Amino acid sequence: MRPLSIRAAVMLPVFLVLTFTLIVIILTINNHYRTSSQFVGKLLLDDYSQGIELDLRQYLQHPFNANVFVAERLAARLQAAPINNKGLRDYLLSSHTSLYQAMPYMQVLSIGVDANGDYFGYRKNQAGQSILMERSDATQGALRIFDGRTLNANIVYQDSHYDPRVRPWYIPAFNREQPRWTDIYLDADEIGEVSLSAIAPVQVSGEVWGVVASDIKLNAFNRFLSERQQKLGGALFIVDDEGRMIAHSGSSSPSNILHFPNITNNSVLNATINEISADWPPEPEKLGKSFHFDIHEKQGHFYGTVKKIALPPPFQHQWYVVAALPDQLLLESLLSQQEISIYLVIAISVIGLVIVYLIIRQLTRPLRDTAEAAAKLASGNLTYRINTPANLREIAILKDAFNNMSGKMQESFNRLRQQVRQDNLTQLYTREGLIEQAAGLRYRSPNTLAILGVNGFRDINDSLGQDGGDVLLCAIAQRLTDLADGSSMLIARVRGDEFAVLAPHTTNRTQSEALVSQLLSLFNRPVTIGNDDVLVDACAGVVFGYTYGDAIHESLQHAGLALSEAKRSDAAMYVYFEASMQARVQEQSRLLLELHHAVQHHEFVVFYQPFVRLSDGYFCGAEALVRWESPSRGMVSPAEFIPVAEQSGLINQIGMQVLEQAAFDTVAQIEAGRWPAHFQLHVNLSARQLLSADFIDKLEQVLTRTQLPPENLTLEITESQLMSHEHLATSGLTKIRALGIKIAIDDFGTGYSSLAYLHQMAFDSLKIDRSFVHSMTENSTNQRIIEAVVAMTRGMDVHLVAEGIETKEEAARLREIGCHYAQGFLFARPLPLAEQPTERVTDKLPTR
């Protein structure tokens, strides 16, 4: 007998029963559900958000009043008699202790003194103890944070440049002489949390003596919201008028203020953010009105509202509370009214399910077994087979296909697992294979994990081809395997040209270093590739300790960091991991994040250092120099952020912002008559910018927007960058000069370029490096080098600019030698636009 079709046996009764059930549900419930839920939801949301607003007002008012009280009491004491540093500490400690007991979310109480920039404060550590923070003569003018209440305690953090008078919590109270709240800012201590402070001036005899500040960390707001959200569920957060997330009720909080961030593992919060972020801030008529949305993953239907928080002055921020609650909660009061309809739906559903169950019980049992088998397959049991007899044609086909698929998946999985664990080229373990092996090791003594990196492997690949590179890697792998033969060492190829060695029997540092030296000595013998003998060297990053078991992931990361340090070092062939390496990487990550923010918010400013014509001292041009005015770090040196910007590629955007601002400034100064019409603007150019495919187009756009004549612009590129990218001299630089823009070679003399190479490059001026100019009047060698450069370029129709002029004697000698222009502290330091000279600086030049 031919098996019955599963479509005819199952789909028809299921379709009839479910259709009838859905019709009853739609007719009975649908007409009342939405209207009722919206009405009840609006009432409950209004009451809920109003309660949050009242709680938040009290939450902020208490520390504000307490801070004013502390400031007024201190002013009264100062009015009566002067108070020494010990008196200030005692007063602060007693005030902080009593206030923290009443308001544990008020973490810090501090005083900044205007006269000398002194600072005294106490904060609560994780153990709930008060610790001293002080900047005074007793701390040699540096901010010190101790692990106790007195100056005798251990110092946990020090900042020699800290001045409370420039901090965001000090300036508003000092200038306005009124208690107020600060904007949200980043702390300057070792933790760097985001804070909001109540601040109040301390006025003595009509003058502001200092400022008292009470800090509330933003994570305290998260706890505040979490406590209230737990009562009802849903989502609750506070947003300012710029869309920055102040706090939310999620289990984890962002470490800083972000614009509508993604909240990890909280679909309710994220869905609520998506509903409101597209049109923020909301129109006044939308405030207090409810909105609704659905969340998948069985989260259900939600109702939300946005309410502006009416906080009394002097709280100047525009904050909004956003609340979203599940409809199960909102409709709880309606359940009794829907009881009849629900009973009807349940009765019909039960009857329908019984009918379907009786029909398909015998017919679909193999199908159920197939589903169970699929679940076992998904859980990793690839050997499971279905043995239940099938009476339906489709199920029989499905059972046979499943068994066939399971067998093939087992074969594919075994092959894939082998590829993941073992490197196809060298037959060593891969990174994953090494982790799998090391995770099962358990030793009682420390061991050594070393990652060996081949130096210059990319050049070898370029010269010998990929096949030659593969031969080299296989030879290295064989040497490592031979060394490990008979031992318990694990060898792996963890990256293209990097090999890892895990040696479990190096129980002390001496044995560890001996092993690393032995590993590196394997590279001292040449490798024969075809007809060539290739000699390579390597460096190593090493971790000594307990690197197996659960620690293998972290140990590989640490060894990689140490290898990077070894590659940067000119002398060390191997480097052992130290905790400071990871701290540097983390600091670079933080700096990179802040640089992204700086680029987006145009935090870079342009300073100018003039050039003068040595023949008459005439001010004829200036070099535009970038400075970063960071809200949290202050004025950041280019030496600190330019390398990070170069490595990350942000230098392209920073360079364009500097170029455009400098061009606008130059055009404005020329049109105002403050700078001459032939004024030369010099702007530094990075090799990364020149390598960018759209750099020339962007350069033309800047000239068009700013209306700067091309002949007024000179782009400077360092000699070392030109030597590293020789093709730039014949391609990118030629295109720039075709626009009418001049090219200058910066730091000339430090890149060891040849005269023949100079003749091939397109440039208009050379800038002699300051290392040759410095002390040239005492050092005859430096003077002869400059004379040689002048003689070398005499027939090349280029201008010479000497950098780093600091004395009149150096300027006079350079003028005698024949140098055309000069730049240095003798004439002017890098200054903002408003402080630039306009005509001559002959008073800085010696007379003839």
# chains A, B, ... in the order shown; residues from 1 in each chain; ligands from 1

$ residues_around --residues "Asn175 of chain A" --least-positions-apart "6" --cutoff "12 Å" --atoms "only C-alpha atoms" --output "list in words"
Asp114, Arg165, Val166, Pro168, Trp169, Ile199, Ala200, Pro201, Glu207, Val208, Trp209, Gly210 and Val211 of chain A

$ atom_distance --atom1 "atom CA of Leu54 of chain A" --atom2 "atom CA of Thr182 of chain A"
20.7 Å

$ atom_distance --atom1 "atom CA of Arg228 of chain A" --atom2 "atom CA of Ser95 of chain A"
28.9 Å

$ closest_atom_pairs --of "segment 87-128 of chain A" --to "segment 65-77 of chain A" --cutoff "9 Å" --atoms "only C-alpha atoms" --output "CSV"
residue,atom,partner,partner_atom,distance
A:Leu88,CA,A:Leu74,CA,8.7
A:Tyr91,CA,A:Leu74,CA,8.2
A:Leu92,CA,A:Val70,CA,8.6
A:Ser95,CA,A:Val70,CA,7.3
A:Leu99,CA,A:Ala66,CA,7.5
A:Leu109,CA,A:Asn67,CA,8.2
A:Ile111,CA,A:Ala71,CA,8.9

$ write_last_selection --atoms "all heavy atoms" --output "mmCIF file, in the first residue's frame"
data_model
loop_
_atom_site.group_PDB
_atom_site.id
_atom_site.type_symbol
_atom_site.label_atom_id
_atom_site.label_comp_id
_atom_site.auth_asym_id
_atom_site.auth_seq_id
_atom_site.Cartn_x
_atom_site.Cartn_y
_atom_site.Cartn_z
ATOM 1 N N LEU A 88 41.725 71.977 57.761
ATOM 2 C CA LEU A 88 40.901 71.681 56.592
ATOM 3 C C LEU A 88 40.676 70.175 56.452
ATOM 4 O O LEU A 88 39.567 69.726 56.148
ATOM 5 C CB LEU A 88 41.583 72.217 55.328
ATOM 6 C CG LEU A 88 41.314 73.679 54.975
ATOM 7 C CD1 LEU A 88 42.143 74.083 53.775
ATOM 8 C CD2 LEU A 88 39.834 73.909 54.715
ATOM 9 N N TYR A 91 38.197 69.035 59.085
ATOM 10 C CA TYR A 91 36.837 69.496 58.778
ATOM 11 C C TYR A 91 36.235 68.664 57.630
ATOM 12 O O TYR A 91 35.081 68.225 57.702
ATOM 13 C CB TYR A 91 36.873 70.970 58.394
ATOM 14 C CG TYR A 91 35.530 71.510 57.962
ATOM 15 C CD1 TYR A 91 34.496 71.702 58.879
ATOM 16 C CD2 TYR A 91 35.301 71.801 56.621
ATOM 17 C CE1 TYR A 91 33.269 72.186 58.471
ATOM 18 C CE2 TYR A 91 34.085 72.286 56.204
ATOM 19 C CZ TYR A 91 33.070 72.474 57.133
ATOM 20 O OH TYR A 91 31.859 72.950 56.725
ATOM 21 N N LEU A 92 37.035 68.436 56.602
ATOM 22 C CA LEU A 92 36.538 67.666 55.463
ATOM 23 C C LEU A 92 36.228 66.224 55.871
ATOM 24 O O LEU A 92 35.221 65.649 55.466
ATOM 25 C CB LEU A 92 37.580 67.662 54.349
ATOM 26 C CG LEU A 92 37.481 68.767 53.301
ATOM 27 C CD1 LEU A 92 38.580 68.595 52.271
ATOM 28 C CD2 LEU A 92 36.131 68.768 52.639
ATOM 29 N N SER A 95 33.048 66.023 57.912
ATOM 30 C CA SER A 95 31.891 66.293 57.061
ATOM 31 C C SER A 95 31.633 65.134 56.118
ATOM 32 O O SER A 95 30.492 64.690 55.940
ATOM 33 C CB SER A 95 32.136 67.578 56.259
ATOM 34 O OG SER A 95 32.319 68.681 57.117
ATOM 35 N N LEU A 99 28.217 62.878 56.096
ATOM 36 C CA LEU A 99 27.371 62.977 54.900
ATOM 37 C C LEU A 99 27.276 61.635 54.179
ATOM 38 O O LEU A 99 26.223 61.277 53.640
ATOM 39 C CB LEU A 99 27.929 64.041 53.950
ATOM 40 C CG LEU A 99 27.825 65.489 54.445
ATOM 41 C CD1 LEU A 99 28.495 66.427 53.467
ATOM 42 C CD2 LEU A 99 26.365 65.890 54.646
ATOM 43 N N LEU A 109 34.026 64.362 48.683
ATOM 44 C CA LEU A 109 33.852 65.718 49.182
ATOM 45 C C LEU A 109 35.228 66.368 49.152
ATOM 46 O O LEU A 109 36.182 65.847 49.735
ATOM 47 C CB LEU A 109 33.292 65.704 50.616
ATOM 48 C CG LEU A 109 33.051 67.096 51.235
ATOM 49 C CD1 LEU A 109 31.985 67.854 50.453
ATOM 50 C CD2 LEU A 109 32.642 66.957 52.700
ATOM 51 N N ILE A 111 37.718 70.273 48.472
ATOM 52 C CA ILE A 111 37.832 71.736 48.486
ATOM 53 C C ILE A 111 39.022 72.125 47.623
ATOM 54 O O ILE A 111 40.112 71.572 47.766
ATOM 55 C CB ILE A 111 38.032 72.279 49.914
ATOM 56 C CG1 ILE A 111 36.809 71.975 50.796
ATOM 57 C CG2 ILE A 111 38.286 73.785 49.882
ATOM 58 C CD1 ILE A 111 37.006 72.373 52.238
#

$ residues_around --residues "Phe772 of chain A" --least-positions-apart "5" --cutoff "12 Å" --atoms "only C-alpha atoms" --output "PyMOL selection string"
chain A and resi 747-750+767+777-789+802-805+810+814
